[in-house]
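Asks: Got a structure for you, target-v1.pdb, holding PDB, N, CA and C atoms.
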ATOM      1  N   MET A   1      -1.881 -61.180  49.659
ATOM      2  CA  MET A   1      -1.299 -59.986  49.089
ATOM      3  C   MET A   1       0.214 -60.071  49.216
ATOM      4  N   GLU A   2       0.905 -59.638  48.194
ATOM      5  CA  GLU A   2       2.364 -59.654  48.207
ATOM      6  C   GLU A   2       2.896 -58.226  48.214
ATOM      7  N   ILE A   3       3.880 -58.006  49.074
ATOM      8  CA  ILE A   3       4.511 -56.695  49.178
ATOM      9  C   ILE A   3       6.008 -56.878  48.961
ATOM     10  N   LYS A   4       6.556 -56.177  47.980
ATOM     11  CA  LYS A   4       8.004 -56.190  47.742
ATOM     12  C   LYS A   4       8.640 -55.179  48.699
ATOM     13  N   ILE A   5       9.720 -55.603  49.359
ATOM     14  CA  ILE A   5      10.335 -54.776  50.398
ATOM     15  C   ILE A   5      11.836 -54.663  50.160
ATOM     16  N   GLU A   6      12.358 -53.449  50.273
ATOM     17  CA  GLU A   6      13.791 -53.197  50.168
ATOM     18  C   GLU A   6      14.321 -52.816  51.540
ATOM     19  N   GLY A   7      15.570 -53.205  51.811
ATOM     20  CA  GLY A   7      16.248 -52.783  53.022
ATOM     21  C   GLY A   7      16.406 -53.868  54.067
ATOM     22  N   MET A   8      15.753 -55.018  53.894
ATOM     23  CA  MET A   8      15.917 -56.114  54.848
ATOM     24  C   MET A   8      17.231 -56.828  54.551
ATOM     25  N   THR A   9      18.069 -56.987  55.583
ATOM     26  CA  THR A   9      19.373 -57.613  55.362
ATOM     27  C   THR A   9      19.645 -58.815  56.258
ATOM     28  N   CYS A  10      18.815 -59.028  57.290
ATOM     29  CA  CYS A  10      19.090 -60.107  58.240
ATOM     30  C   CYS A  10      17.789 -60.624  58.859
ATOM     31  N   ASN A  11      17.913 -61.648  59.676
ATOM     32  CA  ASN A  11      16.731 -62.215  60.319
ATOM     33  C   ASN A  11      16.057 -61.236  61.271
ATOM     34  N   HIS A  12      16.835 -60.342  61.872
ATOM     35  CA  HIS A  12      16.233 -59.315  62.733
ATOM     36  C   HIS A  12      15.308 -58.416  61.900
ATOM     37  N   CYS A  13      15.747 -58.051  60.712
ATOM     38  CA  CYS A  13      14.909 -57.246  59.814
ATOM     39  C   CYS A  13      13.615 -57.999  59.495
ATOM     40  N   LYS A  14      13.762 -59.262  59.174
ATOM     41  CA  LYS A  14      12.608 -60.104  58.849
ATOM     42  C   LYS A  14      11.599 -60.115  60.001
ATOM     43  N   MET A  15      12.102 -60.290  61.210
ATOM     44  CA  MET A  15      11.223 -60.330  62.376
ATOM     45  C   MET A  15      10.545 -58.987  62.624
ATOM     46  N   ARG A  16      11.243 -57.889  62.372
ATOM     47  CA  ARG A  16      10.634 -56.554  62.539
ATOM     48  C   ARG A  16       9.480 -56.356  61.572
ATOM     49  N   VAL A  17       9.686 -56.773  60.318
ATOM     50  CA  VAL A  17       8.635 -56.631  59.314
ATOM     51  C   VAL A  17       7.449 -57.534  59.654
ATOM     52  N   GLU A  18       7.722 -58.770  60.050
ATOM     53  CA  GLU A  18       6.643 -59.686  60.436
ATOM     54  C   GLU A  18       5.820 -59.105  61.572
ATOM     55  N   LYS A  19       6.491 -58.591  62.590
ATOM     56  CA  LYS A  19       5.798 -58.012  63.744
ATOM     57  C   LYS A  19       4.946 -56.821  63.321
ATOM     58  N   ALA A  20       5.517 -55.940  62.515
ATOM     59  CA  ALA A  20       4.792 -54.745  62.072
ATOM     60  C   ALA A  20       3.548 -55.125  61.266
ATOM     61  N   LEU A  21       3.688 -56.079  60.361
ATOM     62  CA  LEU A  21       2.553 -56.473  59.530
ATOM     63  C   LEU A  21       1.490 -57.207  60.341
ATOM     64  N   ASN A  22       1.911 -58.034  61.282
ATOM     65  CA  ASN A  22       0.952 -58.764  62.114
ATOM     66  C   ASN A  22       0.120 -57.842  62.988
ATOM     67  N   GLU A  23       0.607 -56.636  63.247
ATOM     68  CA  GLU A  23      -0.123 -55.683  64.077
ATOM     69  C   GLU A  23      -1.186 -54.903  63.295
ATOM     70  N   VAL A  24      -1.199 -55.036  61.969
ATOM     71  CA  VAL A  24      -2.183 -54.327  61.146
ATOM     72  C   VAL A  24      -3.531 -55.045  61.260
ATOM     73  N   GLU A  25      -4.578 -54.268  61.469
ATOM     74  CA  GLU A  25      -5.926 -54.824  61.587
ATOM     75  C   GLU A  25      -6.312 -55.579  60.312
ATOM     76  N   GLY A  26      -6.835 -56.774  60.493
ATOM     77  CA  GLY A  26      -7.274 -57.589  59.364
ATOM     78  C   GLY A  26      -6.268 -58.625  58.903
ATOM     79  N   VAL A  27      -5.046 -58.580  59.420
ATOM     80  CA  VAL A  27      -4.013 -59.546  59.033
ATOM     81  C   VAL A  27      -4.218 -60.837  59.828
ATOM     82  N   THR A  28      -4.254 -61.964  59.093
ATOM     83  CA  THR A  28      -4.408 -63.266  59.743
ATOM     84  C   THR A  28      -3.148 -64.119  59.635
ATOM     85  N   GLY A  29      -2.218 -63.720  58.783
ATOM     86  CA  GLY A  29      -0.971 -64.456  58.634
ATOM     87  C   GLY A  29       0.034 -63.671  57.820
ATOM     88  N   VAL A  30       1.320 -63.871  58.134
ATOM     89  CA  VAL A  30       2.400 -63.176  57.423
ATOM     90  C   VAL A  30       3.540 -64.154  57.187
ATOM     91  N   ASN A  31       4.075 -64.138  55.965
ATOM     92  CA  ASN A  31       5.274 -64.913  55.650
ATOM     93  C   ASN A  31       6.252 -63.969  54.957
ATOM     94  N   VAL A  32       7.347 -63.652  55.630
ATOM     95  CA  VAL A  32       8.359 -62.750  55.069
ATOM     96  C   VAL A  32       9.491 -63.591  54.499
ATOM     97  N   ASP A  33       9.818 -63.334  53.234
ATOM     98  CA  ASP A  33      10.899 -64.023  52.526
ATOM     99  C   ASP A  33      12.070 -63.061  52.410
ATOM    100  N   LEU A  34      13.084 -63.256  53.273
ATOM    101  CA  LEU A  34      14.237 -62.358  53.312
ATOM    102  C   LEU A  34      14.983 -62.354  51.985
ATOM    103  N   GLU A  35      15.274 -63.537  51.434
ATOM    104  CA  GLU A  35      16.018 -63.623  50.176
ATOM    105  C   GLU A  35      15.203 -63.085  49.000
ATOM    106  N   GLY A  36      13.913 -63.318  49.011
ATOM    107  CA  GLY A  36      13.047 -62.847  47.931
ATOM    108  C   GLY A  36      12.631 -61.397  48.080
ATOM    109  N   LYS A  37      12.991 -60.794  49.211
ATOM    110  CA  LYS A  37      12.673 -59.392  49.493
ATOM    111  C   LYS A  37      11.184 -59.115  49.355
ATOM    112  N   LYS A  38      10.367 -59.973  50.010
ATOM    113  CA  LYS A  38       8.926 -59.775  49.916
ATOM    114  C   LYS A  38       8.235 -60.337  51.148
ATOM    115  N   ALA A  39       6.998 -59.908  51.319
ATOM    116  CA  ALA A  39       6.137 -60.450  52.365
ATOM    117  C   ALA A  39       4.827 -60.855  51.717
ATOM    118  N   VAL A  40       4.316 -62.002  52.109
ATOM    119  CA  VAL A  40       2.999 -62.447  51.673
ATOM    120  C   VAL A  40       2.100 -62.342  52.895
ATOM    121  N   VAL A  41       1.021 -61.575  52.745
ATOM    122  CA  VAL A  41       0.125 -61.297  53.857
ATOM    123  C   VAL A  41      -1.235 -61.907  53.574
ATOM    124  N   GLU A  42      -1.772 -62.611  54.573
ATOM    125  CA  GLU A  42      -3.104 -63.195  54.464
ATOM    126  C   GLU A  42      -4.071 -62.371  55.302
ATOM    127  N   GLY A  43      -5.304 -62.322  54.846
ATOM    128  CA  GLY A  43      -6.330 -61.585  55.563
ATOM    129  C   GLY A  43      -6.959 -60.536  54.674
ATOM    130  N   ASN A  44      -7.660 -59.606  55.306
ATOM    131  CA  ASN A  44      -8.350 -58.571  54.530
ATOM    132  C   ASN A  44      -7.907 -57.168  54.934
ATOM    133  N   ALA A  45      -6.626 -57.025  55.224
ATOM    134  CA  ALA A  45      -6.082 -55.725  55.612
ATOM    135  C   ALA A  45      -6.004 -54.788  54.411
ATOM    136  N   ASP A  46      -6.039 -53.504  54.709
ATOM    137  CA  ASP A  46      -5.908 -52.457  53.698
ATOM    138  C   ASP A  46      -4.449 -52.373  53.245
ATOM    139  N   MET A  47      -4.227 -52.386  51.933
ATOM    140  CA  MET A  47      -2.859 -52.357  51.390
ATOM    141  C   MET A  47      -2.102 -51.114  51.854
ATOM    142  N   ALA A  48      -2.762 -49.970  51.915
ATOM    143  CA  ALA A  48      -2.095 -48.744  52.363
ATOM    144  C   ALA A  48      -1.626 -48.888  53.808
ATOM    145  N   ALA A  49      -2.408 -49.551  54.656
ATOM    146  CA  ALA A  49      -2.024 -49.770  56.051
ATOM    147  C   ALA A  49      -0.830 -50.715  56.137
ATOM    148  N   LEU A  50      -0.807 -51.725  55.276
ATOM    149  CA  LEU A  50       0.323 -52.658  55.245
ATOM    150  C   LEU A  50       1.603 -51.950  54.823
ATOM    151  N   GLU A  51       1.503 -51.157  53.764
ATOM    152  CA  GLU A  51       2.672 -50.418  53.277
ATOM    153  C   GLU A  51       3.169 -49.437  54.333
ATOM    154  N   ASN A  52       2.239 -48.788  55.010
ATOM    155  CA  ASN A  52       2.610 -47.843  56.060
ATOM    156  C   ASN A  52       3.330 -48.559  57.207
ATOM    157  N   ALA A  53       2.868 -49.747  57.571
ATOM    158  CA  ALA A  53       3.509 -50.517  58.643
ATOM    159  C   ALA A  53       4.946 -50.876  58.276
ATOM    160  N   VAL A  54       5.160 -51.253  57.018
ATOM    161  CA  VAL A  54       6.517 -51.580  56.550
ATOM    162  C   VAL A  54       7.409 -50.339  56.631
ATOM    163  N   LYS A  55       6.888 -49.210  56.183
ATOM    164  CA  LYS A  55       7.664 -47.966  56.208
ATOM    165  C   LYS A  55       7.972 -47.537  57.634
ATOM    166  N   GLU A  56       6.990 -47.660  58.532
ATOM    167  CA  GLU A  56       7.209 -47.274  59.927
ATOM    168  C   GLU A  56       8.219 -48.190  60.613
ATOM    169  N   ALA A  57       8.342 -49.420  60.126
ATOM    170  CA  ALA A  57       9.343 -50.348  60.663
ATOM    171  C   ALA A  57      10.740 -50.023  60.145
ATOM    172  N   GLY A  58      10.832 -49.124  59.154
ATOM    173  CA  GLY A  58      12.134 -48.677  58.668
ATOM    174  C   GLY A  58      12.561 -49.221  57.322
ATOM    175  N   TYR A  59      11.615 -49.757  56.557
ATOM    176  CA  TYR A  59      11.947 -50.375  55.271
ATOM    177  C   TYR A  59      11.150 -49.718  54.145
ATOM    178  N   ASP A  60      11.574 -49.958  52.921
ATOM    179  CA  ASP A  60      10.937 -49.348  51.755
ATOM    180  C   ASP A  60      10.071 -50.362  51.018
ATOM    181  N   VAL A  61       8.910 -49.901  50.599
ATOM    182  CA  VAL A  61       8.008 -50.716  49.778
ATOM    183  C   VAL A  61       8.311 -50.420  48.319
ATOM    184  N   VAL A  62       8.499 -51.487  47.526
ATOM    185  CA  VAL A  62       8.775 -51.341  46.102
ATOM    186  C   VAL A  62       7.452 -51.417  45.360
ATOM    187  N   LYS A  63       7.082 -50.347  44.702
ATOM    188  CA  LYS A  63       5.831 -50.306  43.940
ATOM    189  C   LYS A  63       6.010 -51.018  42.613
ATOM    190  N   GLY A  64       4.969 -51.682  42.156
ATOM    191  CA  GLY A  64       4.988 -52.318  40.838
ATOM    192  C   GLY A  64       5.730 -53.640  40.796
ATOM    193  N   GLY A  65       6.197 -54.143  41.915
ATOM    194  CA  GLY A  65       6.831 -55.448  41.947
ATOM    195  C   GLY A  65       8.236 -55.507  41.384
ATOM    196  N   GLY A  66       8.848 -54.385  41.061
ATOM    197  CA  GLY A  66      10.224 -54.395  40.542
ATOM    198  C   GLY A  66      10.252 -54.638  39.054
ATOM    199  N   GLY A  67      11.399 -55.053  38.527
ATOM    200  CA  GLY A  67      11.570 -55.433  37.128
ATOM    201  C   GLY A  67      10.997 -54.493  36.100
ATOM    202  N   CYS A  68       9.788 -54.672  35.742
ATOM    203  CA  CYS A  68       9.126 -53.965  34.640
ATOM    204  C   CYS A  68       8.303 -52.790  35.142
ATOM    205  N   CYS A  69       8.114 -51.800  34.317
ATOM    206  CA  CYS A  69       7.341 -50.627  34.710
ATOM    207  C   CYS A  69       5.869 -50.945  34.964
ATOM    208  N   CYS A  70       5.355 -52.046  34.401
ATOM    209  CA  CYS A  70       3.952 -52.412  34.618
ATOM    210  C   CYS A  70       3.790 -53.381  35.774
ATOM    211  N   GLY A  71       4.888 -53.819  36.393
ATOM    212  CA  GLY A  71       4.828 -54.691  37.564
ATOM    213  C   GLY A  71       4.618 -56.162  37.245
ATOM    214  N   CYS A  72       4.877 -56.576  36.014
ATOM    215  CA  CYS A  72       4.614 -57.960  35.639
ATOM    216  C   CYS A  72       5.664 -58.925  36.156
ATOM    217  N   LYS A  73       6.797 -58.444  36.616
ATOM    218  CA  LYS A  73       7.859 -59.349  37.105
ATOM    219  C   LYS A  73       7.953 -59.363  38.589
TER     220      LYS A  73
END
Mind converting the file's structure to C-alpha cells?
Replies:
Amino acid sequence: MEIKIEGMTCNHCKMRVEKALNEVEGVTGVNVDLEGKKAVVEGNADMAALENAVKEAGYDVVKGGGGCCCGCK
C-alpha cells in the first residue's frame, strides 16, 4: 500500500513516520521515501489505521495521490 505524505522535511521526519507505521497492527514492512513524499507499507494493515498513525505523528496524508482529481498520478 502506498501513502502520500505531506510535511516531512528531514530524516528525523522520515524516522517518525516509519516508527508510527511500524506500530500499526498488521504491518510487516515500511519504506518511507522522503524525496517522493510517500510511504510504501507491506502487510495487511487497515488503511484508516495507517492514515491515522501518520496524522498522529504530525504529518498530513494526501488523498488521491496528488496531481489529478481521480488519483491517477
Asks: Please measure the separation of CA of Val30 (chain A) and atom C of Lys63 (chain A), giving the value in Å to one decimal.
Replies: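 If I compute the distance from CA of Val30 (chain A) to atom C of Lys63 (chain A), I get 19.5 Å.
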Asks: Evaluate the PyMOL selection byres (((chain A and resi 3-14 and name CA) around 8) and name CA) against this structure - the residues, as a PyMOL selection string, please.
Replies: chain A and resi 1-2+15-18+32-34+37-41+51+54+59-63+65-66
Asks: Report, in Å to a single decimal, how far apart atom N of Gly29 (chain A) and atom N of Glu42 (chain A) are.
Replies: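 About the pair atom N of Glu42 (chain A) and atom N of Gly29 (chain A): they are 4.4 Å apart.
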Asks: Name the residues of chain A that fall into strand (DSSP E) according to DSSP on the backbone, using the chain letters and numbers of this document, as a list in words.
Replies: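 Put together, the selection reads Glu2, Ile3, Lys4, Ile5, Glu6, Val27, Thr28, Gly29, Val30, Asn31, Val32, Asp33, Lys38, Ala39, Val40, Val41, Glu42, Gly43, Asp60, Val61 and Val62 of chain A.
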Asks: State, in Å with one decimal place, the distance from atom N of Glu23 (chain A) to atom N of Gly36 (chain A).
Replies: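 According to the coordinates, atom N of Glu23 (chain A) and atom N of Gly36 (chain A) are separated by 20.6 Å.
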Asks: Let me make sure I understand: among A:Glu35, A:Asn44, A:Ala20, A:Gly26, which one has the smallest atom-to-atom distance to Ala57 (chain A) if we use all atoms listed in the file?
Replies: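 The shortest atom-to-atom distance to Ala57 (chain A) comes from A:Ala20.
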Asks: Output as a list in words all residues of chain A that backbone DSSP marks as alpha helix (DSSP H).
Replies: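 Result set for chain A (alpha helix (DSSP H)): Asn11, His12, Cys13, Lys14, Met15, Arg16, Val17, Glu18, Lys19, Ala20, Leu21, Asn22, Met47, Ala48, Ala49, Leu50, Glu51, Asn52, Ala53, Val54, Lys55 and Glu56 of chain A.
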Asks: Take the residues from that selection and put them in a file with N, CA and C atoms, as a PDB file, keeping the file's coordinate frame.
Replies:
ATOM      1  N   ASN A  11      17.913 -61.648  59.676  1.00  0.00           N
ATOM      2  CA  ASN A  11      16.731 -62.215  60.319  1.00  0.00           C
ATOM      3  C   ASN A  11      16.057 -61.236  61.271  1.00  0.00           C
ATOM      4  N   HIS A  12      16.835 -60.342  61.872  1.00  0.00           N
ATOM      5  CA  HIS A  12      16.233 -59.315  62.733  1.00  0.00           C
ATOM      6  C   HIS A  12      15.308 -58.416  61.900  1.00  0.00           C
ATOM      7  N   CYS A  13      15.747 -58.051  60.712  1.00  0.00           N
ATOM      8  CA  CYS A  13      14.909 -57.246  59.814  1.00  0.00           C
ATOM      9  C   CYS A  13      13.615 -57.999  59.495  1.00  0.00           C
ATOM     10  N   LYS A  14      13.762 -59.262  59.174  1.00  0.00           N
ATOM     11  CA  LYS A  14      12.608 -60.104  58.849  1.00  0.00           C
ATOM     12  C   LYS A  14      11.599 -60.115  60.001  1.00  0.00           C
ATOM     13  N   MET A  15      12.102 -60.290  61.210  1.00  0.00           N
ATOM     14  CA  MET A  15      11.223 -60.330  62.376  1.00  0.00           C
ATOM     15  C   MET A  15      10.545 -58.987  62.624  1.00  0.00           C
ATOM     16  N   ARG A  16      11.243 -57.889  62.372  1.00  0.00           N
ATOM     17  CA  ARG A  16      10.634 -56.554  62.539  1.00  0.00           C
ATOM     18  C   ARG A  16       9.480 -56.356  61.572  1.00  0.00           C
ATOM     19  N   VAL A  17       9.686 -56.773  60.318  1.00  0.00           N
ATOM     20  CA  VAL A  17       8.635 -56.631  59.314  1.00  0.00           C
ATOM     21  C   VAL A  17       7.449 -57.534  59.654  1.00  0.00           C
ATOM     22  N   GLU A  18       7.722 -58.770  60.050  1.00  0.00           N
ATOM     23  CA  GLU A  18       6.643 -59.686  60.436  1.00  0.00           C
ATOM     24  C   GLU A  18       5.820 -59.105  61.572  1.00  0.00           C
ATOM     25  N   LYS A  19       6.491 -58.591  62.590  1.00  0.00           N
ATOM     26  CA  LYS A  19       5.798 -58.012  63.744  1.00  0.00           C
ATOM     27  C   LYS A  19       4.946 -56.821  63.321  1.00  0.00           C
ATOM     28  N   ALA A  20       5.517 -55.940  62.515  1.00  0.00           N
ATOM     29  CA  ALA A  20       4.792 -54.745  62.072  1.00  0.00           C
ATOM     30  C   ALA A  20       3.548 -55.125  61.266  1.00  0.00           C
ATOM     31  N   LEU A  21       3.688 -56.079  60.361  1.00  0.00           N
ATOM     32  CA  LEU A  21       2.553 -56.473  59.530  1.00  0.00           C
ATOM     33  C   LEU A  21       1.490 -57.207  60.341  1.00  0.00           C
ATOM     34  N   ASN A  22       1.911 -58.034  61.282  1.00  0.00           N
ATOM     35  CA  ASN A  22       0.952 -58.764  62.114  1.00  0.00           C
ATOM     36  C   ASN A  22       0.120 -57.842  62.988  1.00  0.00           C
ATOM     37  N   MET A  47      -4.227 -52.386  51.933  1.00  0.00           N
ATOM     38  CA  MET A  47      -2.859 -52.357  51.390  1.00  0.00           C
ATOM     39  C   MET A  47      -2.102 -51.114  51.854  1.00  0.00           C
ATOM     40  N   ALA A  48      -2.762 -49.970  51.915  1.00  0.00           N
ATOM     41  CA  ALA A  48      -2.095 -48.744  52.363  1.00  0.00           C
ATOM     42  C   ALA A  48      -1.626 -48.888  53.808  1.00  0.00           C
ATOM     43  N   ALA A  49      -2.408 -49.551  54.656  1.00  0.00           N
ATOM     44  CA  ALA A  49      -2.024 -49.770  56.051  1.00  0.00           C
ATOM     45  C   ALA A  49      -0.830 -50.715  56.137  1.00  0.00           C
ATOM     46  N   LEU A  50      -0.807 -51.725  55.276  1.00  0.00           N
ATOM     47  CA  LEU A  50       0.323 -52.658  55.245  1.00  0.00           C
ATOM     48  C   LEU A  50       1.603 -51.950  54.823  1.00  0.00           C
ATOM     49  N   GLU A  51       1.503 -51.157  53.764  1.00  0.00           N
ATOM     50  CA  GLU A  51       2.672 -50.418  53.277  1.00  0.00           C
ATOM     51  C   GLU A  51       3.169 -49.437  54.333  1.00  0.00           C
ATOM     52  N   ASN A  52       2.239 -48.788  55.010  1.00  0.00           N
ATOM     53  CA  ASN A  52       2.610 -47.843  56.060  1.00  0.00           C
ATOM     54  C   ASN A  52       3.330 -48.559  57.207  1.00  0.00           C
ATOM     55  N   ALA A  53       2.868 -49.747  57.571  1.00  0.00           N
ATOM     56  CA  ALA A  53       3.509 -50.517  58.643  1.00  0.00           C
ATOM     57  C   ALA A  53       4.946 -50.876  58.276  1.00  0.00           C
ATOM     58  N   VAL A  54       5.160 -51.253  57.018  1.00  0.00           N
ATOM     59  CA  VAL A  54       6.517 -51.580  56.550  1.00  0.00           C
ATOM     60  C   VAL A  54       7.409 -50.339  56.631  1.00  0.00           C
ATOM     61  N   LYS A  55       6.888 -49.210  56.183  1.00  0.00           N
ATOM     62  CA  LYS A  55       7.664 -47.966  56.208  1.00  0.00           C
ATOM     63  C   LYS A  55       7.972 -47.537  57.634  1.00  0.00           C
ATOM     64  N   GLU A  56       6.990 -47.660  58.532  1.00  0.00           N
ATOM     65  CA  GLU A  56       7.209 -47.274  59.927  1.00  0.00           C
ATOM     66  C   GLU A  56       8.219 -48.190  60.613  1.00  0.00           C
TER      67      GLU A  56
END
Asks: Starting from the shown file, work through the PyMOL selection byres (((chain A and resi 45-47 and name CA) around 7) and name CA) and note down what comes out as a list in words.
Replies: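 Selected by the PyMOL selection byres (((chain A and resi 45-47 and name CA) around 7) and name CA) here: Val24, Glu25, Gly26, Val27, Gly43, Asn44, Ala48, Ala49, Leu50 and Glu51 of chain A.
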Asks: Please dump the current selection as an mmCIF file, in the coordinates of the input; keep N, CA and C atoms.
Replies:
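Just written: result.cif:
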data_model
loop_
_atom_site.group_PDB
_atom_site.id
_atom_site.type_symbol
_atom_site.label_atom_id
_atom_site.label_comp_id
_atom_site.auth_asym_id
_atom_site.auth_seq_id
_atom_site.Cartn_x
_atom_site.Cartn_y
_atom_site.Cartn_z
ATOM 1 N N VAL A 24 -1.199 -55.036 61.969
ATOM 2 C CA VAL A 24 -2.183 -54.327 61.146
ATOM 3 C C VAL A 24 -3.531 -55.045 61.260
ATOM 4 N N GLU A 25 -4.578 -54.268 61.469
ATOM 5 C CA GLU A 25 -5.926 -54.824 61.587
ATOM 6 C C GLU A 25 -6.312 -55.579 60.312
ATOM 7 N N GLY A 26 -6.835 -56.774 60.493
ATOM 8 C CA GLY A 26 -7.274 -57.589 59.364
ATOM 9 C C GLY A 26 -6.268 -58.625 58.903
ATOM 10 N N VAL A 27 -5.046 -58.580 59.420
ATOM 11 C CA VAL A 27 -4.013 -59.546 59.033
ATOM 12 C C VAL A 27 -4.218 -60.837 59.828
ATOM 13 N N GLY A 43 -5.304 -62.322 54.846
ATOM 14 C CA GLY A 43 -6.330 -61.585 55.563
ATOM 15 C C GLY A 43 -6.959 -60.536 54.674
ATOM 16 N N ASN A 44 -7.660 -59.606 55.306
ATOM 17 C CA ASN A 44 -8.350 -58.571 54.530
ATOM 18 C C ASN A 44 -7.907 -57.168 54.934
ATOM 19 N N ALA A 48 -2.762 -49.970 51.915
ATOM 20 C CA ALA A 48 -2.095 -48.744 52.363
ATOM 21 C C ALA A 48 -1.626 -48.888 53.808
ATOM 22 N N ALA A 49 -2.408 -49.551 54.656
ATOM 23 C CA ALA A 49 -2.024 -49.770 56.051
ATOM 24 C C ALA A 49 -0.830 -50.715 56.137
ATOM 25 N N LEU A 50 -0.807 -51.725 55.276
ATOM 26 C CA LEU A 50 0.323 -52.658 55.245
ATOM 27 C C LEU A 50 1.603 -51.950 54.823
ATOM 28 N N GLU A 51 1.503 -51.157 53.764
ATOM 29 C CA GLU A 51 2.672 -50.418 53.277
ATOM 30 C C GLU A 51 3.169 -49.437 54.333
#
Asks: For region 30-44 of chain A, which lacks atoms in the input, supply N, CA, C and O atoms and format the output as a short mmCIF file (atom, residue, chain, number, x, y, z; two decimals), keeping the file's coordinate frame.
Replies:
data_model
loop_
_atom_site.label_atom_id
_atom_site.label_comp_id
_atom_site.auth_asym_id
_atom_site.auth_seq_id
_atom_site.Cartn_x
_atom_site.Cartn_y
_atom_site.Cartn_z
N VAL A 30 1.32 -63.87 58.13
CA VAL A 30 2.40 -63.18 57.42
C VAL A 30 3.54 -64.15 57.19
O VAL A 30 3.92 -64.90 58.09
N ASN A 31 4.08 -64.14 55.96
CA ASN A 31 5.27 -64.91 55.65
C ASN A 31 6.25 -63.97 54.96
O ASN A 31 6.00 -63.53 53.84
N VAL A 32 7.35 -63.65 55.63
CA VAL A 32 8.36 -62.75 55.07
C VAL A 32 9.49 -63.59 54.50
O VAL A 32 10.05 -64.44 55.18
N ASP A 33 9.82 -63.33 53.23
CA ASP A 33 10.90 -64.02 52.53
C ASP A 33 12.07 -63.06 52.41
O ASP A 33 12.05 -62.14 51.59
N LEU A 34 13.08 -63.26 53.27
CA LEU A 34 14.24 -62.36 53.31
C LEU A 34 14.98 -62.35 51.98
O LEU A 34 15.30 -61.30 51.44
N GLU A 35 15.27 -63.54 51.43
CA GLU A 35 16.02 -63.62 50.18
C GLU A 35 15.20 -63.08 49.00
O GLU A 35 15.75 -62.47 48.09
N GLY A 36 13.91 -63.32 49.01
CA GLY A 36 13.05 -62.85 47.93
C GLY A 36 12.63 -61.40 48.08
O GLY A 36 11.97 -60.83 47.20
N LYS A 37 12.99 -60.79 49.21
CA LYS A 37 12.67 -59.39 49.49
C LYS A 37 11.18 -59.12 49.36
O LYS A 37 10.76 -58.16 48.70
N LYS A 38 10.37 -59.97 50.01
CA LYS A 38 8.93 -59.78 49.92
C LYS A 38 8.24 -60.34 51.15
O LYS A 38 8.81 -61.12 51.91
N ALA A 39 7.00 -59.91 51.32
CA ALA A 39 6.14 -60.45 52.36
C ALA A 39 4.83 -60.86 51.72
O ALA A 39 4.30 -60.13 50.87
N VAL A 40 4.32 -62.00 52.11
CA VAL A 40 3.00 -62.45 51.67
C VAL A 40 2.10 -62.34 52.90
O VAL A 40 2.38 -62.92 53.94
N VAL A 41 1.02 -61.58 52.74
CA VAL A 41 0.12 -61.30 53.86
C VAL A 41 -1.24 -61.91 53.57
O VAL A 41 -1.79 -61.73 52.48
N GLU A 42 -1.77 -62.61 54.57
CA GLU A 42 -3.10 -63.20 54.46
C GLU A 42 -4.07 -62.37 55.30
O GLU A 42 -3.70 -61.82 56.32
N GLY A 43 -5.30 -62.32 54.85
CA GLY A 43 -6.33 -61.58 55.56
C GLY A 43 -6.96 -60.54 54.67
O GLY A 43 -6.82 -60.57 53.45
N ASN A 44 -7.66 -59.61 55.31
CA ASN A 44 -8.35 -58.57 54.53
C ASN A 44 -7.91 -57.17 54.93
O ASN A 44 -8.70 -56.24 54.97
#
